[in-house]
Amino acid sequence: MTEQKANLRDILQAFAESAVKGEKTALATVVKTEGWPPLGAKMMVTTQAQALSTIDDVSLEAQLAQHCLAAIEDGQHKTVHLTPKEKSSALVELFIEVAIPRPSLLIVGAGHIGQSLAQMGKVVGFRVVVLDDRPDFANVERFPGADEIIAADFMETLRDYPITDTTYIVLVTRGHRHDEQSLRQLLDSSAAYIGMIGSRRRVGTVLRHLAEEGYSPERLSQIYSPIGLDIGSETPEEIALSIMAEIVKVRRGGQGQSLTTGSW
């Protein structure tokens with residue numbers, strides 16, 4: 001655990017910024033105390049085992065950090081009672097608030113399917129980001145509801161883009177060359193989902209190229225491609241629906257099967 005002392009303002013600002021960055025964090029606050037640590041003292045912990053604290057009790061902070069990481073893992077707020085080193089007979093009550101960021105849908109390619117995906121992503125609660133190297137396509141007129149629109153080179157942008165385990169990525173560019181270049185930048189990321197559009201032949205060509213470059217077959221097998229659930233989709237809107245359905249299935253752990261059993 002890497003810990004830094006900080007003031008209350010720094011901690012609250014860092015906690016607020018963490019959600020914007022897509023980081024899972026926990027904020028613990030002293031809500032009952034017998035004098036030490038003071039009421040309102042705080043500690044923020046991230047999944048990267050980094051912490052900011054005003055508590056100033058090494059033993060208490062070490063205990064609290066583990067509870068914060070467990071709360072992040074569970075995704076649940078919780079109350080804990082701990083014993084500070086300064087007073088071995090006293091109990092401190094702390095409330096742990098967990099910030100789980102909205103999942104992000106990163107759409108690489110601003111064509112017709114990308115437009116429909118952006119609309120559906122917003123409806124189901126994703127933070128929608130659109131990337132295309134053509135300003136005439138990647139703009140607010142075509143994507144009025146997107147949270148972020150990036151008109152820039154695919155490879156350069158993806159190389160530095162902040163991707164976390166709450167990022168879901170769809171490659172729907174205008175050609176397999178751009179898909180392959182983009183995928184190359186993403187294979188070492190922690191993205192929750194990477195899907196690439198294309199026929200089995202086209203997809204197979206891209207994955208073979210990457211395998212020849214040394215990427216592991218195991219990692220390549222984790223790419224969702226051909227993309228989407230088989231719902232017989234034909235139009236851009238229907239294709240986007242099948243892709244979004246697969247993303248929700250992955251996120252929620254569903255089976256992607258019809259719920260109808262045929263029995264009453």
# chains A, B, ... in the order shown; residues from 1 in each chain; ligands from 1
call {"tool": "residues_around", "arguments": {"residues": "A:Leu12", "least_positions_apart": "2", "cutoff": "12 Å", "atoms": "only C-alpha atoms", "output": "PyMOL selection string"}}
result
chain A and resi 6-10+14-19+25-29+40-45+52-54+97
call {"tool": "write_last_selection", "arguments": {"atoms": "C-alpha atoms", "output": "compact mmCIF listing (two decimals), in the first residue's frame"}}
result
# COMPACT_ATOMS: atom_id res chain seq x y z
CA ALA A 6 -3.08 14.83 2.65
CA ASN A 7 -5.54 17.44 3.78
CA LEU A 8 -9.30 16.99 3.65
CA ARG A 9 -9.70 19.11 0.55
CA ASP A 10 -7.14 17.07 -1.39
CA ALA A 14 -9.18 13.15 -5.53
CA PHE A 15 -12.26 11.09 -4.70
CA ALA A 16 -14.41 13.17 -7.06
CA GLU A 17 -11.83 13.00 -9.84
CA SER A 18 -11.45 9.23 -9.54
CA ALA A 19 -14.93 8.60 -10.92
CA THR A 25 -12.16 4.00 -5.06
CA ALA A 26 -13.30 3.87 -1.44
CA LEU A 27 -13.56 6.80 0.98
CA ALA A 28 -13.57 6.01 4.71
CA THR A 29 -14.76 8.62 7.22
CA GLY A 40 -14.44 13.46 10.17
CA ALA A 41 -10.91 12.20 9.51
CA LYS A 42 -10.74 10.46 6.14
CA MET A 43 -8.82 7.95 4.10
CA MET A 44 -9.21 7.28 0.38
CA VAL A 45 -8.00 4.01 -1.16
CA LEU A 52 -4.51 9.44 0.85
CA SER A 53 -5.19 9.90 4.55
CA THR A 54 -5.74 12.42 7.35
CA GLU A 97 -18.28 4.87 0.74
call {"tool": "residues_around", "arguments": {"residues": "A:Ile231", "least_positions_apart": "2", "cutoff": "7 Å", "atoms": "only C-alpha atoms", "output": "count of residues only"}}
result
3
call {"tool": "select_by_dssp", "arguments": {"residues": "stretch 17-262 of chain A", "states": "helix (DSSP H, G or I)", "output": "VMD selection string"}}
result
chain A and resid 17 to 21 58 to 74 112 to 123 154 to 160 176 to 186 200 to 212 217 to 220 236 to 252
call {"tool": "write_last_selection", "arguments": {"atoms": "C-alpha atoms", "output": "compact mmCIF listing (two decimals), in the first residue's frame"}}
result
# COMPACT_ATOMS: atom_id res chain seq x y z
CA GLU A 17 -11.83 13.00 -9.84
CA SER A 18 -11.45 9.23 -9.54
CA ALA A 19 -14.93 8.60 -10.92
CA VAL A 20 -14.23 10.85 -13.90
CA LYS A 21 -11.04 8.87 -14.59
CA VAL A 58 -0.35 3.66 10.90
CA SER A 59 -1.97 0.65 12.55
CA LEU A 60 -5.52 1.89 11.99
CA GLU A 61 -4.75 2.88 8.39
CA ALA A 62 -3.33 -0.57 7.63
CA GLN A 63 -6.49 -2.25 8.95
CA LEU A 64 -8.73 0.25 7.20
CA ALA A 65 -7.00 -0.15 3.84
CA GLN A 66 -7.90 -3.83 3.74
CA HIS A 67 -11.52 -3.08 4.55
CA CYS A 68 -11.60 -0.43 1.82
CA LEU A 69 -10.21 -2.81 -0.79
CA ALA A 70 -12.76 -5.44 0.24
CA ALA A 71 -15.57 -2.88 -0.05
CA ILE A 72 -14.39 -1.97 -3.56
CA GLU A 73 -14.35 -5.65 -4.51
CA ASP A 74 -17.89 -6.10 -3.17
CA HIS A 112 -23.64 4.25 -39.15
CA ILE A 113 -23.19 1.35 -36.73
CA GLY A 114 -21.18 3.60 -34.41
CA GLN A 115 -24.00 6.13 -34.40
CA SER A 116 -26.58 3.55 -33.37
CA LEU A 117 -24.21 2.07 -30.78
CA ALA A 118 -23.71 5.49 -29.20
CA GLN A 119 -27.46 5.96 -28.81
CA MET A 120 -27.96 2.51 -27.31
CA GLY A 121 -24.98 2.86 -25.01
CA LYS A 122 -26.45 6.00 -23.48
CA VAL A 123 -29.84 4.34 -23.01
CA PHE A 154 -6.59 5.74 -34.06
CA MET A 155 -3.24 4.30 -33.02
CA GLU A 156 -1.87 7.41 -31.33
CA THR A 157 -5.07 7.95 -29.37
CA LEU A 158 -5.50 4.36 -28.23
CA ARG A 159 -1.85 4.08 -27.24
CA ASP A 160 -2.40 6.61 -24.44
CA HIS A 176 -9.71 -3.99 -41.52
CA ARG A 177 -6.39 -2.11 -41.59
CA HIS A 178 -7.67 0.38 -39.01
CA ASP A 179 -9.26 -2.42 -36.97
CA GLU A 180 -5.97 -4.33 -36.91
CA GLN A 181 -3.92 -1.27 -35.97
CA SER A 182 -6.39 -0.37 -33.23
CA LEU A 183 -6.57 -3.90 -31.84
CA ARG A 184 -2.78 -4.03 -31.65
CA GLN A 185 -2.87 -1.09 -29.22
CA LEU A 186 -5.54 -2.72 -27.06
CA ARG A 200 -15.03 -14.64 -40.24
CA ARG A 201 -12.58 -14.44 -43.15
CA ARG A 202 -11.65 -10.83 -42.48
CA VAL A 203 -11.43 -11.39 -38.73
CA GLY A 204 -9.33 -14.51 -39.23
CA THR A 205 -6.86 -12.58 -41.37
CA VAL A 206 -6.43 -9.89 -38.70
CA LEU A 207 -5.97 -12.40 -35.87
CA ARG A 208 -3.46 -14.45 -37.89
CA HIS A 209 -1.37 -11.34 -38.51
CA LEU A 210 -1.31 -10.60 -34.79
CA ALA A 211 -0.47 -14.21 -33.91
CA GLU A 212 2.46 -14.06 -36.32
CA PRO A 217 -3.43 -17.35 -29.04
CA GLU A 218 -5.08 -17.31 -25.61
CA ARG A 219 -5.31 -13.52 -25.60
CA LEU A 220 -6.49 -13.37 -29.20
CA PRO A 236 -26.92 -0.92 -38.94
CA GLU A 237 -29.41 -0.44 -36.12
CA GLU A 238 -29.99 -4.18 -35.75
CA ILE A 239 -26.24 -4.88 -35.86
CA ALA A 240 -25.70 -2.27 -33.14
CA LEU A 241 -28.44 -3.91 -31.07
CA SER A 242 -26.77 -7.33 -31.34
CA ILE A 243 -23.43 -5.81 -30.27
CA MET A 244 -24.94 -3.94 -27.35
CA ALA A 245 -26.77 -7.08 -26.25
CA GLU A 246 -23.47 -8.99 -26.18
CA ILE A 247 -21.82 -6.24 -24.14
CA VAL A 248 -24.63 -6.29 -21.58
CA LYS A 249 -24.37 -10.09 -21.47
CA VAL A 250 -20.65 -9.89 -20.72
CA ARG A 251 -21.11 -7.15 -18.14
CA ARG A 252 -23.94 -8.87 -16.28
call {"tool": "atom_distance", "arguments": {"atom1": "atom CA of A:Glu234", "atom2": "atom CA of A:Val170"}}
result
17.8 Å
call {"tool": "select_by_dssp", "arguments": {"residues": "stretch 82-112 of chain A", "states": "strand (DSSP E)", "output": "list in words"}}
result
Leu82, Val92, Glu93, Leu94, Phe95, Ile96, Glu97, Val98, Ala99, Ser104, Leu105, Leu106, Ile107 and Val108 of chain A
call {"tool": "write_last_selection", "arguments": {"atoms": "N, CA and C atoms", "output": "tab-separated table (two decimals), in the first residue's frame"}}
result
chain	number	residue	atom	x	y	z
A	82	LEU	N	-12.99	-0.39	14.24
A	82	LEU	CA	-11.58	-0.73	14.35
A	82	LEU	C	-10.99	-0.12	15.62
A	92	VAL	N	-13.25	2.70	16.99
A	92	VAL	CA	-13.57	3.81	16.09
A	92	VAL	C	-14.53	3.28	15.03
A	93	GLU	N	-15.62	4.00	14.81
A	93	GLU	CA	-16.56	3.60	13.77
A	93	GLU	C	-16.30	4.43	12.53
A	94	LEU	N	-16.17	3.74	11.41
A	94	LEU	CA	-15.90	4.41	10.14
A	94	LEU	C	-16.91	3.95	9.10
A	95	PHE	N	-17.35	4.89	8.29
A	95	PHE	CA	-18.23	4.57	7.17
A	95	PHE	C	-17.41	4.58	5.89
A	96	ILE	N	-17.50	3.49	5.13
A	96	ILE	CA	-16.75	3.37	3.88
A	96	ILE	C	-17.71	3.54	2.72
A	97	GLU	N	-17.48	4.59	1.93
A	97	GLU	CA	-18.28	4.87	0.74
A	97	GLU	C	-17.51	4.41	-0.48
A	98	VAL	N	-18.17	3.67	-1.35
A	98	VAL	CA	-17.51	3.12	-2.53
A	98	VAL	C	-17.99	3.84	-3.78
A	99	ALA	N	-17.04	4.25	-4.60
A	99	ALA	CA	-17.36	4.89	-5.88
A	99	ALA	C	-17.02	3.93	-7.01
A	104	SER	N	-17.63	2.55	-19.37
A	104	SER	CA	-17.41	3.35	-20.58
A	104	SER	C	-17.55	2.47	-21.81
A	105	LEU	N	-18.22	3.00	-22.81
A	105	LEU	CA	-18.31	2.35	-24.12
A	105	LEU	C	-17.46	3.16	-25.09
A	106	LEU	N	-16.32	2.61	-25.49
A	106	LEU	CA	-15.42	3.27	-26.42
A	106	LEU	C	-15.69	2.72	-27.82
A	107	ILE	N	-16.26	3.56	-28.66
A	107	ILE	CA	-16.62	3.17	-30.03
A	107	ILE	C	-15.53	3.68	-30.97
A	108	VAL	N	-14.80	2.76	-31.57
A	108	VAL	CA	-13.71	3.12	-32.48
A	108	VAL	C	-14.24	3.00	-33.89
call {"tool": "closest_residue", "arguments": {"among": "A:Gly232, A:Pro226, A:Gly253, A:Gly22", "to": "A:Pro103", "atoms": "only C-alpha atoms"}}
result
A:Gly22
call {"tool": "atom_distance", "arguments": {"atom1": "atom CA of A:Gln48", "atom2": "atom CA of A:Ser190"}}
result
13.1 Å
call {"tool": "residues_around", "arguments": {"residues": "A:Val130", "least_positions_apart": "2", "cutoff": "7 Å", "atoms": "only C-alpha atoms", "output": "list in words"}}
result
Leu106, Ile107, Val108, Ala110, Val128, Asp132, Ala138, Glu148, Ile149 and Ile150 of chain A
call {"tool": "residues_around", "arguments": {"residues": "A:Pro38", "least_positions_apart": "6", "cutoff": "9 Å", "atoms": "only C-alpha atoms", "output": "list in words"}}
result
Val30, Lys32 and Ile55 of chain A
call {"tool": "closest_residue", "arguments": {"among": "A:Ile227, A:Ile11, A:Ala192, A:Val172", "to": "A:Ala51", "atoms": "only C-alpha atoms"}}
result
A:Ile11
call {"tool": "atom_distance", "arguments": {"atom1": "atom CA of A:Thr164", "atom2": "atom CA of A:Asp136"}}
result
28.6 Å
call {"tool": "closest_residue", "arguments": {"among": "A:Glu141, A:Val31, A:Arg102, A:Gly125", "to": "A:His81", "atoms": "only C-alpha atoms"}}
result
A:Val31
call {"tool": "closest_residue", "arguments": {"among": "A:Leu39, A:Phe126, A:Glu23, A:Val140", "to": "A:Ile163", "atoms": "only C-alpha atoms"}}
result
A:Glu23
